[in-house]
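Chemist: File name work.cif; file contents mmCIF, C-alpha atoms and all ligand atoms; full text below.
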data_target
#
loop_
_atom_site.label_atom_id
_atom_site.label_comp_id
_atom_site.auth_asym_id
_atom_site.auth_seq_id
_atom_site.Cartn_x
_atom_site.Cartn_y
_atom_site.Cartn_z
CA MET A 689 0.00 0.00 0.00
CA HIS A 690 1.44 3.38 -1.00
CA SER A 691 -0.40 5.84 1.21
CA LYS A 692 1.92 8.24 2.96
CA THR A 693 -0.78 9.97 4.99
CA ILE A 694 -2.53 8.16 7.80
CA PHE A 695 -5.36 9.08 10.15
CA VAL A 696 -4.75 7.89 13.72
CA THR A 697 -7.16 7.73 16.65
CA GLY A 698 -5.89 7.22 20.20
CA ALA A 699 -2.55 8.93 19.50
CA THR A 700 -2.48 10.35 23.04
CA GLY A 701 -2.66 6.80 24.43
CA LEU A 702 -0.07 4.13 25.04
CA VAL A 703 -0.43 2.04 21.88
CA GLY A 704 -1.57 4.70 19.40
CA GLY A 705 1.10 7.14 20.59
CA GLY A 706 3.77 4.46 20.53
CA VAL A 707 2.88 3.22 17.04
CA LEU A 708 2.75 6.77 15.68
CA ARG A 709 6.22 7.47 17.11
CA TRP A 710 7.62 4.23 15.64
CA MET A 711 5.99 4.80 12.25
CA LEU A 712 7.27 8.37 11.97
CA ALA A 713 10.77 7.17 12.81
CA ALA A 714 10.56 4.27 10.33
CA ASP A 715 9.32 6.34 7.37
CA PRO A 716 10.53 9.95 7.00
CA ALA A 717 7.93 10.54 4.26
CA LEU A 718 4.97 9.55 6.45
CA ARG A 719 2.48 12.22 7.52
CA ALA A 720 -0.39 11.82 9.97
CA HIS A 721 -3.62 13.44 11.05
CA VAL A 722 -4.51 12.55 14.62
CA LEU A 723 -7.94 12.71 16.25
CA VAL A 724 -7.63 14.49 19.61
CA ARG A 725 -10.26 15.37 22.15
CA ASP A 726 -8.20 17.96 23.96
CA PRO A 727 -5.50 19.88 22.05
CA SER A 728 -3.64 20.64 25.30
CA VAL A 729 -3.20 16.88 25.92
CA TRP A 730 -1.92 16.50 22.36
CA ALA A 731 0.51 19.42 22.87
CA ARG A 732 2.06 17.53 25.80
CA VAL A 733 2.32 14.31 23.76
CA VAL A 734 3.75 15.84 20.60
CA GLY A 735 6.44 17.81 22.50
CA PRO A 736 8.89 14.90 22.82
CA LEU A 737 8.30 13.63 19.25
CA PRO A 738 11.29 14.96 17.29
CA GLY A 739 10.22 16.76 14.12
CA ALA A 740 6.66 15.49 14.52
CA ALA A 741 4.99 18.88 14.77
CA ALA A 742 5.62 19.44 11.06
CA ARG A 743 4.40 15.99 10.00
CA VAL A 744 1.46 15.42 12.34
CA LEU A 745 -1.64 17.57 12.34
CA PRO A 746 -4.18 17.30 15.17
CA VAL A 747 -7.88 17.43 14.32
CA VAL A 748 -10.29 17.98 17.18
CA GLY A 749 -13.04 15.39 17.58
CA ASP A 750 -14.59 12.76 19.79
CA LEU A 751 -15.66 9.19 19.01
CA ARG A 752 -18.92 9.77 20.90
CA ARG A 753 -20.11 12.45 18.48
CA PRO A 754 -21.73 11.88 15.07
CA GLY A 755 -19.06 12.01 12.38
CA MET A 756 -16.53 11.96 15.25
CA GLY A 757 -17.44 15.64 15.74
CA LEU A 758 -15.03 16.67 12.98
CA ALA A 759 -15.33 20.17 11.50
CA ARG A 760 -16.51 20.25 7.89
CA GLU A 761 -13.20 21.66 6.60
CA ASP A 762 -11.27 18.94 8.47
CA ARG A 763 -13.44 16.24 6.89
CA ALA A 764 -12.82 17.65 3.42
CA ARG A 765 -9.06 17.74 3.96
CA LEU A 766 -9.03 14.22 5.44
CA ALA A 767 -11.03 12.94 2.44
CA ARG A 768 -8.38 14.39 0.12
CA GLU A 769 -5.33 13.20 2.00
CA VAL A 770 -5.91 10.09 4.08
CA GLY A 771 -4.73 6.77 2.67
CA ALA A 772 -5.08 4.51 5.72
CA VAL A 773 -6.97 4.76 9.01
CA LEU A 774 -5.39 3.38 12.18
CA HIS A 775 -7.90 3.09 15.02
CA PHE A 776 -6.48 2.75 18.54
CA ALA A 777 -8.84 4.94 20.60
CA ALA A 778 -10.94 3.07 23.12
CA ASP A 779 -12.11 3.08 26.69
CA THR A 780 -9.98 0.28 28.15
CA SER A 781 -11.52 0.24 31.63
CA PHE A 782 -12.63 -3.26 32.69
CA SER A 783 -15.30 -1.96 35.07
CA GLN A 784 -17.37 0.06 32.57
CA THR A 785 -20.96 -0.88 31.79
CA LEU A 786 -21.79 -2.61 28.50
CA GLU A 787 -23.79 0.45 27.42
CA HIS A 788 -20.78 2.75 27.94
CA ALA A 789 -18.32 0.29 26.37
CA ARG A 790 -20.56 -0.02 23.32
CA GLU A 791 -20.87 3.75 22.93
CA ILE A 792 -17.08 4.32 22.78
CA ASN A 793 -15.67 1.04 21.54
CA VAL A 794 -18.42 -0.18 19.17
CA ARG A 795 -20.31 2.92 18.07
CA GLY A 796 -17.00 4.82 18.04
CA THR A 797 -15.52 2.18 15.75
CA GLU A 798 -18.58 2.43 13.49
CA ARG A 799 -17.94 6.18 13.22
CA VAL A 800 -14.29 5.53 12.33
CA VAL A 801 -15.13 3.04 9.58
CA GLU A 802 -17.95 5.26 8.25
CA ALA A 803 -15.36 8.02 7.87
CA ALA A 804 -12.90 5.59 6.24
CA ALA A 805 -15.58 4.71 3.68
CA GLU A 806 -16.43 8.39 3.08
CA TRP A 807 -12.72 9.19 2.54
CA LYS A 808 -12.24 6.09 0.36
CA ALA A 809 -9.37 5.02 2.61
CA ALA A 810 -7.36 2.08 1.32
CA ARG A 811 -7.28 0.27 4.65
CA VAL A 812 -8.52 0.28 8.25
CA VAL A 813 -6.10 -1.01 10.89
CA PHE A 814 -7.69 -1.84 14.24
CA SER A 815 -6.15 -2.52 17.63
CA SER A 816 -8.39 -5.08 19.30
CA THR A 817 -7.34 -7.26 22.25
CA ALA A 818 -6.41 -10.92 22.61
CA PHE A 819 -9.06 -11.06 25.33
CA VAL A 820 -11.94 -10.89 22.85
CA ALA A 821 -11.58 -14.63 23.45
CA GLY A 822 -13.35 -13.94 26.77
CA ARG A 823 -14.25 -17.16 28.57
CA VAL A 824 -12.51 -19.46 26.11
CA ALA A 825 -9.95 -21.63 27.93
CA GLY A 826 -7.13 -23.48 26.19
CA ALA A 827 -5.85 -22.86 22.68
CA VAL A 828 -7.04 -19.65 20.98
CA SER A 829 -6.47 -19.43 17.24
CA GLU A 830 -5.90 -16.17 15.40
CA SER A 831 -9.30 -16.51 13.77
CA VAL A 832 -11.41 -17.79 16.68
CA ASP A 833 -14.93 -16.50 17.06
CA PRO A 834 -15.41 -16.66 20.83
CA GLU A 835 -19.05 -15.57 20.93
CA PRO A 836 -20.62 -18.79 22.30
CA HIS A 837 -18.44 -18.68 25.41
CA GLY A 838 -19.21 -15.14 26.56
CA TRP A 839 -16.88 -12.60 28.16
CA VAL A 840 -15.51 -11.72 31.57
CA ASN A 841 -16.27 -7.99 31.24
CA ALA A 842 -17.95 -5.43 28.98
CA TYR A 843 -14.60 -4.23 27.61
CA GLU A 844 -13.84 -7.67 26.12
CA GLN A 845 -17.33 -7.96 24.65
CA SER A 846 -17.25 -4.46 23.14
CA LYS A 847 -13.90 -5.13 21.46
CA HIS A 848 -15.29 -8.38 20.02
CA GLU A 849 -18.27 -6.46 18.61
CA ALA A 850 -15.95 -3.71 17.30
CA GLU A 851 -13.87 -6.28 15.39
CA ALA A 852 -16.99 -7.27 13.47
CA ARG A 853 -17.60 -3.62 12.49
CA VAL A 854 -14.05 -3.38 11.15
CA ARG A 855 -14.31 -6.63 9.15
CA GLY A 856 -17.59 -5.48 7.67
CA TRP A 857 -16.66 -1.95 6.59
CA GLY A 858 -16.34 -2.82 2.92
CA GLY A 859 -12.65 -2.20 2.35
CA GLU A 860 -9.32 -3.71 3.40
CA TRP A 861 -8.78 -4.30 7.10
CA VAL A 862 -6.22 -5.67 9.53
CA VAL A 863 -7.04 -6.59 13.13
CA PHE A 864 -4.24 -6.77 15.69
CA ARG A 865 -4.96 -8.49 18.99
CA PRO A 866 -2.29 -7.53 21.54
CA SER A 867 -2.14 -9.28 24.87
CA THR A 868 -1.93 -7.18 28.07
CA ILE A 869 0.97 -4.72 27.95
CA VAL A 870 2.94 -4.68 31.20
CA PHE A 871 6.36 -3.17 30.46
CA ASP A 872 8.43 -1.21 27.98
CA ALA A 873 11.42 -3.53 27.77
CA ALA A 874 13.55 -1.15 25.69
CA ALA A 875 13.07 1.79 28.05
CA GLY A 876 12.91 -0.37 31.20
CA VAL A 877 9.76 1.32 32.51
CA VAL A 878 6.15 0.41 33.23
CA PRO A 879 4.39 2.72 30.76
CA GLN A 880 0.82 2.16 31.98
CA PHE A 881 -0.37 0.91 35.35
CA ASN A 882 -3.02 -1.79 34.78
CA ALA A 883 -4.89 -4.65 36.44
CA ILE A 884 -1.85 -6.96 36.43
CA HIS A 885 0.20 -4.39 38.35
CA ARG A 886 -2.69 -3.72 40.71
CA SER A 887 -3.06 -7.45 41.43
CA LEU A 888 0.66 -7.68 42.18
CA ARG A 889 0.40 -4.72 44.50
CA LEU A 890 -2.36 -6.48 46.44
CA CYS A 891 -0.19 -9.60 46.70
CA TYR A 892 2.63 -7.37 47.99
CA HIS A 893 0.37 -6.06 50.74
CA GLY A 894 -0.91 -9.54 51.59
CA LEU A 895 -4.41 -8.59 50.41
CA ALA A 896 -4.83 -11.38 47.82
CA PRO A 897 -5.18 -14.59 49.85
CA MET A 898 -6.55 -16.49 46.87
CA LEU A 899 -6.73 -16.24 43.09
CA PRO A 900 -8.82 -18.20 40.61
CA GLY A 901 -6.93 -20.56 38.34
CA THR A 902 -4.24 -23.16 38.72
CA ASP A 903 -0.52 -22.81 39.27
CA GLU A 904 -0.02 -24.32 35.80
CA ALA A 905 -2.14 -21.61 34.12
CA ALA A 906 -0.27 -19.54 31.56
CA VAL A 907 0.02 -15.77 32.02
CA ASP A 908 0.26 -14.05 28.64
CA VAL A 909 1.57 -10.48 28.71
CA VAL A 910 3.73 -8.44 26.30
CA PRO A 911 6.03 -5.42 26.30
CA SER A 912 4.80 -2.23 24.62
CA ASP A 913 7.89 -1.95 22.41
CA TYR A 914 7.15 -5.38 20.92
CA VAL A 915 3.53 -4.37 20.15
CA CYS A 916 4.44 -0.98 18.67
CA ASP A 917 7.25 -2.41 16.56
CA ALA A 918 5.03 -5.25 15.28
CA ILE A 919 2.15 -2.93 14.31
CA THR A 920 4.59 -0.49 12.68
CA ARG A 921 6.14 -3.23 10.58
CA LEU A 922 2.91 -4.95 9.58
CA ALA A 923 0.06 -2.42 9.51
CA LEU A 924 0.45 -1.26 5.91
CA ARG A 925 1.94 -4.38 4.33
CA PRO A 926 -0.17 -5.65 1.42
CA GLU A 927 -0.08 -9.31 2.51
CA VAL A 928 -1.69 -8.68 5.91
CA ALA A 929 -4.97 -7.43 4.42
CA GLY A 930 -7.83 -9.45 5.92
CA ARG A 931 -5.64 -10.96 8.65
CA THR A 932 -6.31 -11.13 12.39
CA LEU A 933 -3.00 -11.35 14.22
CA HIS A 934 -2.19 -12.17 17.84
CA LEU A 935 0.53 -9.94 19.30
CA CYS A 936 0.93 -12.16 22.34
CA ALA A 937 3.64 -13.98 24.26
CA GLY A 938 2.20 -17.26 22.92
CA PRO A 939 4.86 -19.93 23.49
CA GLY A 940 6.75 -17.40 25.67
CA ALA A 941 3.92 -17.08 28.20
CA ALA A 942 4.87 -18.09 31.75
CA ARG A 943 3.20 -20.27 34.37
CA MET A 944 1.33 -18.24 36.99
CA ALA A 945 3.11 -20.07 39.85
CA GLU A 946 6.49 -19.42 38.27
CA LEU A 947 5.82 -15.67 38.01
CA LEU A 948 4.50 -15.41 41.57
CA GLU A 949 7.48 -17.34 42.95
CA LEU A 950 9.88 -15.11 41.03
CA THR A 951 8.04 -12.02 42.27
CA PHE A 952 8.01 -13.14 45.92
CA ALA A 953 11.73 -14.03 45.73
CA LEU A 954 12.45 -10.46 44.61
CA TRP A 955 10.33 -8.95 47.37
CA GLN A 956 11.97 -11.20 49.96
CA ARG A 957 15.29 -9.50 49.33
CA SER A 958 13.91 -6.80 51.63
CA PRO A 959 14.27 -8.07 55.25
CA ALA A 960 11.40 -5.78 56.33
CA TRP A 961 9.03 -7.31 53.75
CA LYS A 962 10.20 -10.83 54.55
CA ARG A 963 9.43 -10.33 58.26
CA ARG A 964 5.79 -9.65 57.39
CA GLY A 965 5.46 -13.30 56.37
CA VAL A 966 3.11 -12.65 53.42
CA ALA A 967 2.09 -16.02 51.95
CA LEU A 968 1.76 -16.81 48.24
CA PRO A 969 -1.91 -16.66 47.18
CA ALA A 970 -3.66 -20.02 47.00
CA PHE A 971 -5.15 -21.07 43.64
CA THR A 972 -8.79 -22.00 43.63
CA ASP A 973 -11.66 -22.62 41.22
CA LEU A 974 -13.86 -19.71 40.18
CA GLU A 975 -16.82 -20.89 42.26
CA THR A 976 -14.71 -20.86 45.45
CA TYR A 977 -13.30 -17.47 44.51
CA ARG A 978 -16.86 -16.13 44.07
CA LEU A 979 -17.71 -17.47 47.55
CA PHE A 980 -14.67 -15.62 48.89
CA GLU A 981 -15.88 -12.42 47.14
CA ARG A 982 -19.34 -12.83 48.68
CA SER A 983 -18.02 -13.45 52.18
CA VAL A 984 -15.82 -10.35 51.94
CA GLU A 985 -18.89 -8.34 50.82
CA GLU A 986 -20.91 -9.63 53.77
CA ALA A 987 -18.33 -9.60 56.54
CA GLY A 988 -15.05 -8.11 55.29
CA ASP A 989 -13.61 -4.77 56.30
CA GLU A 990 -14.06 -1.77 54.01
CA ARG A 991 -10.48 -1.87 52.62
CA LEU A 992 -10.68 -5.54 51.66
CA LYS A 993 -14.12 -4.98 50.09
CA GLN A 994 -12.73 -2.23 47.87
CA VAL A 995 -9.78 -4.38 46.91
CA VAL A 996 -11.89 -7.38 45.97
CA ARG A 997 -14.39 -5.20 44.07
CA SER A 998 -11.58 -3.55 42.10
CA LEU A 999 -10.38 -6.95 40.92
CA SER A 1000 -13.78 -8.45 40.20
CA HIS A 1001 -13.83 -7.37 36.52
CA PHE A 1002 -10.40 -8.76 35.79
CA VAL A 1003 -9.43 -11.61 38.12
CA PRO A 1004 -12.05 -14.11 36.81
CA GLN A 1005 -10.13 -14.07 33.48
CA LEU A 1006 -7.41 -16.05 35.34
CA ALA A 1007 -9.86 -18.94 35.60
CA TYR A 1008 -9.83 -19.24 31.77
CA PRO A 1009 -6.14 -19.79 31.00
CA LYS A 1010 -5.35 -19.44 27.33
CA ARG A 1011 -2.60 -20.41 24.95
CA PHE A 1012 -2.65 -17.83 22.17
CA ASP A 1013 -1.57 -19.12 18.78
CA THR A 1014 0.90 -16.58 17.39
CA ARG A 1015 2.17 -18.52 14.38
CA ALA A 1016 0.75 -16.16 11.74
CA ALA A 1017 2.12 -13.00 13.41
CA ASP A 1018 5.46 -14.69 14.18
CA ALA A 1019 5.85 -15.84 10.56
CA LEU A 1020 5.17 -12.34 9.23
CA LEU A 1021 7.49 -10.70 11.75
CA GLY A 1022 10.19 -13.36 11.60
CA GLU A 1023 10.25 -13.53 15.41
CA SER A 1024 8.07 -14.14 18.48
CA ALA A 1025 7.34 -11.78 21.33
CA PRO A 1026 10.00 -11.91 24.05
CA PRO A 1027 9.33 -14.64 26.65
CA VAL A 1028 7.69 -13.15 29.75
CA VAL A 1029 10.39 -14.45 32.12
CA HIS A 1030 13.00 -12.43 30.20
CA TYR A 1031 11.72 -9.10 31.51
CA TRP A 1032 9.36 -9.92 34.42
CA ALA A 1033 12.01 -9.39 37.13
CA ARG A 1034 12.97 -6.00 35.66
CA MET A 1035 9.29 -5.04 35.64
CA VAL A 1036 8.79 -6.03 39.31
CA GLU A 1037 11.94 -4.14 40.31
CA HIS A 1038 10.74 -1.08 38.41
CA LEU A 1039 7.40 -1.23 40.23
CA LEU A 1040 9.15 -1.41 43.59
CA THR A 1041 11.65 1.36 42.99
CA HIS A 1042 9.10 3.67 41.43
CA ASN A 1043 6.49 3.25 44.10
CA TRP A 1044 4.30 1.21 41.76
CA ALA A 1045 2.52 4.00 39.90
CA ALA A 1046 4.99 6.86 39.51
CA GLY A 1047 5.48 7.81 35.87
CA ALA A 1048 2.94 5.32 34.60
CA ARG A 1049 -0.44 6.22 33.17
CA ALA A 1050 -3.26 5.03 35.38
CA ALA A 1051 -5.43 2.56 33.52
CA ALA A 1052 -8.04 0.01 34.36
N1 LIG B 1101 -2.73 -1.27 26.84
C1 LIG B 1101 -2.93 -2.57 26.69
O1 LIG B 1101 -2.44 -3.41 27.49
C2 LIG B 1101 -3.72 -3.08 25.51
C3 LIG B 1101 -3.74 -4.46 25.30
C4 LIG B 1101 -4.49 -4.96 24.25
C5 LIG B 1101 -5.20 -4.12 23.43
N2 LIG B 1101 -5.17 -2.78 23.66
C6 LIG B 1101 -5.97 -1.95 22.74
O2 LIG B 1101 -5.12 -0.97 22.17
C7 LIG B 1101 -5.84 0.26 22.00
C8 LIG B 1101 -5.12 1.37 22.69
O3 LIG B 1101 -5.02 1.07 24.08
P1 LIG B 1101 -4.14 1.98 25.04
O4 LIG B 1101 -3.65 1.14 26.14
O5 LIG B 1101 -3.21 2.77 24.21
O6 LIG B 1101 -5.27 2.95 25.62
P2 LIG B 1101 -5.05 4.28 26.45
O7 LIG B 1101 -3.61 4.52 26.75
O8 LIG B 1101 -6.05 4.27 27.56
O9 LIG B 1101 -5.50 5.41 25.40
C9 LIG B 1101 -6.81 5.50 24.97
C10 LIG B 1101 -6.84 6.46 23.82
O10 LIG B 1101 -8.18 6.54 23.34
C11 LIG B 1101 -8.57 7.91 23.30
N3 LIG B 1101 -10.01 8.04 23.52
C12 LIG B 1101 -10.73 7.52 24.54
N4 LIG B 1101 -12.02 7.91 24.42
C13 LIG B 1101 -12.09 8.64 23.28
C14 LIG B 1101 -13.16 9.33 22.62
N5 LIG B 1101 -14.42 9.32 23.12
N6 LIG B 1101 -12.89 10.01 21.49
C15 LIG B 1101 -11.63 10.05 20.98
N7 LIG B 1101 -10.57 9.43 21.58
C16 LIG B 1101 -10.82 8.75 22.71
C17 LIG B 1101 -7.78 8.56 24.41
O11 LIG B 1101 -7.74 9.94 24.20
P3 LIG B 1101 -7.67 11.01 25.42
O12 LIG B 1101 -6.21 11.34 25.61
O13 LIG B 1101 -8.47 12.16 24.94
O14 LIG B 1101 -8.27 10.35 26.63
C18 LIG B 1101 -6.42 7.88 24.22
O15 LIG B 1101 -5.71 8.48 23.17
C19 LIG B 1101 -7.24 0.02 22.53
O16 LIG B 1101 -8.09 -0.23 21.44
C20 LIG B 1101 -7.11 -1.20 23.41
O17 LIG B 1101 -8.30 -1.94 23.40
C21 LIG B 1101 -4.46 -2.23 24.68
#
Show this structure as structure tokens.
Ligand SMILES: NC(=O)c1ccc[n+]([C@@H]2O[C@H](COP(=O)([O-])OP(=O)(O)OC[C@H]3O[C@@H](n4cnc5c(N)ncnc54)[C@H](OP(=O)(O)O)[C@@H]3O)[C@@H](O)[C@H]2O)c1

Modeler:
Amino acid sequence: MHSKTIFVTGATGLVGGGVLRWMLAADPALRAHVLVRDPSVWARVVGPLPGAAARVLPVVGDLRRPGMGLAREDRARLAREVGAVLHFAADTSFSQTLEHAREINVRGTERVVEAAAEWKAARVVFSSTAFVAGRVAGAVSESVDPEPHGWVNAYEQSKHEAEARVRGWGGEWVVFRPSTIVFDAAAGVVPQFNAIHRSLRLCYHGLAPMLPGTDEAAVDVVPSDYVCDAITRLALRPEVAGRTLHLCAGPGAARMAELLELTFALWQRSPAWKRRGVALPAFTDLETYRLFERSVEEAGDERLKQVVRSLSHFVPQLAYPKRFDTRAADALLGESAPPVVHYWARMVEHLLTHNWAAGARAAA
């Protein structure tokens, strides 16, 4: 595909911003229009992008508004210039209602593909999530339709529904399904503080006595630099049209018990933490975990209640361990995502030394 001008949503976010940065660096001729809700947020993001101000133009809009709320003159210019549409914007909170998730993630995606059709864009590239697989346990293929199994939260369901809108828009599409991003391995920082980090924090404070799942269950997470590099390299390649690609650890996922043991061993280097005698969480089935949640609701103290509630939209996913097939993405990229154990210790150390959240974007 020859387009040198792209339209990007979600450029102020972790993935959209990262991919835009990587794409601008990879192709000096590339230009971009980015959808922004708040120009002052964009001004902070674009500052550190060398030379980007001249090649990236912000257009003000919002996925919740008809036509994305774009001004008429912006639409006319986008129709003239845009070759490919890259859609990363979403509400990624796990605790949102289905109605809210549908408004941003499904209806918003409809507005993006309607615009792509109006502009006669050559391609729509969509960042979905590996967890559209929802309650599927076991092997997940890059083309699975998980609908019959249902989802753990409204976010997963809305992304599944959004994928269908992208596949049905009438032109070329590519769907990327990243796993959960936990670290930037190149920079050595946690770029966004999410449910995995929050769960670890609860374990650190001894507030997670049990978790659903088994110690053999695989934990599939990825670094942001792997995801951004992969999307940059693949998004506009002709042979990925019509492909759905897992950007997941796949064979490099780690066993849950292995990661917890590694994490506790790192924490135990602190004599003060070791003296507290925090035990590893016990693994249990989902039904027992739900009983635990109910007993905390009925009799637990306020702090524990808040903790358990905050995990309730994410933790049940651990009861559906998955092995994501990454063969198609790996073949196209010529490599797999880095194995989780290669950077997990650095991530845990970064969390400790940076007081868990400092410098990272808060996310659900
Ligand atoms: N991060 C992960 O671990 C991960 C894993 C798998 C898949 N993904 C997918 O990758 C994509 C990007 O995720 P992310 O982690 O980069 O998200 P993020 O950091 O939370 O950023 C979300 C982006 O969406 C924009 N946005 C939200 N609501 C909008 C609206 N109503 N109108 C226009 N823009 C809106 C935000 O703009 P504002 O700055 O205005 O808020 C921001 O740029 C999502 O589709 C997500 O499902 C992420």

Chemist: Write out as a ChimeraX atom specification the residues lying within 8 Å of Trp807 (chain A), counting all atoms listed in the file and excluding same-chain residues fewer than 4 positions away.

Modeler: /A:766-768,770,803

Chemist: Which residues, written as an MDAnalysis selection string, have at least one atom at most 6 Å from Ala941 (chain A), with only C-alpha atoms counted and residues fewer than 5 positions away on the same chain left out?

Modeler: chainID A and resid 906:908 1028

Chemist: Can you work out the spacing between CA of Thr797 (chain A) and CA of Phe776 (chain A) in Å, to one decimal?

Modeler: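 Distance between the two atoms: 9.5 Å.
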
Chemist: So which one's closest to ligand LIG 1101 (chain B), A:Ile694, A:Ala699, A:Leu947, A:Val877? Using only C-alpha atoms and all ligand atoms, please.

Modeler: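 The closest residue to ligand LIG 1101 (chain B) is A:Ala699.
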
Chemist: Residues within 7 Å of ligand LIG 1101 (chain B) (all atoms listed in the file), as number ranges by chain?

Modeler: A: 697-704, 723-726, 729, 749-752, 776-780, 792, 815-818, 847, 865-870, 1051

Chemist: I need the residue nearest Ala873 (chain A) from this list: A:Pro716, A:Gly706, A:Gly856, A:Pro911. Use all atoms listed in the file for the distance.

Modeler: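 Of all the options, A:Pro911 lies closest to Ala873 (chain A).
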
Chemist: Hey, what's within 8 Å of Val828 (chain A) if we count only C-alpha atoms and toss same-chain stuff fewer than 6 positions away? As a list in words, please?

Modeler: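 Once the nearby chain positions are removed, what remains is Ala821, Lys1010, Arg1011, Phe1012 and Asp1013 of chain A.
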
Chemist: Go ahead and dump the residues you just picked, C-alpha atoms, as a short mmCIF file (atom, residue, chain, number, x, y, z; two decimals), in the coordinates of the input.

Modeler:
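Output contents, as saved in again_15.cif:
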data_model
loop_
_atom_site.label_atom_id
_atom_site.label_comp_id
_atom_site.auth_asym_id
_atom_site.auth_seq_id
_atom_site.Cartn_x
_atom_site.Cartn_y
_atom_site.Cartn_z
CA ALA A 821 -11.58 -14.63 23.45
CA LYS A 1010 -5.35 -19.44 27.33
CA ARG A 1011 -2.60 -20.41 24.95
CA PHE A 1012 -2.65 -17.83 22.17
CA ASP A 1013 -1.57 -19.12 18.78
#

Chemist: Go through A:Leu708, A:Phe814, A:Glu791, A:Val734 one by one, measure the shortest atom-to-atom distance of each to Gly930 (chain A) using only C-alpha atoms, and give the residue with the smallest value.

Modeler: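 So, comparing all the options, the nearest one is A:Phe814.
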
Chemist: Could you state the separation of CA of Pro754 (chain A) and CA of Pro727 (chain A) in Å, given to one decimal place?

Modeler: 19.4 Å

Chemist: Measuring atom to atom with all atoms listed in the file, identify which of A:Pro1004, A:Met944, A:Arg1034, A:Gly894 is nearest to Ala967 (chain A).

Modeler: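 Using all atoms listed in the file, the shortest distance to Ala967 (chain A) belongs to A:Gly894.
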
Chemist: Between A:Glu975, A:Glu806, A:Asp917, A:Glu851, which has the minimum distance to Leu1021 (chain A) (counting all atoms listed in the file)?

Modeler: A:Asp917

Chemist: Counting all atoms listed in the file, what is within 12 Å of Ala804 (chain A), bar same-chain residues fewer than 3 positions away, as a VMD selection string?

Modeler: chain A and resid 694 to 696 755 to 756 763 766 to 775 797 to 801 807 to 813 854 857 to 861

Chemist: Any idea what the distance is between CA of Ala1033 (chain A) and CA of Ala953 (chain A)?

Modeler: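 Distance between the two atoms: 9.8 Å.
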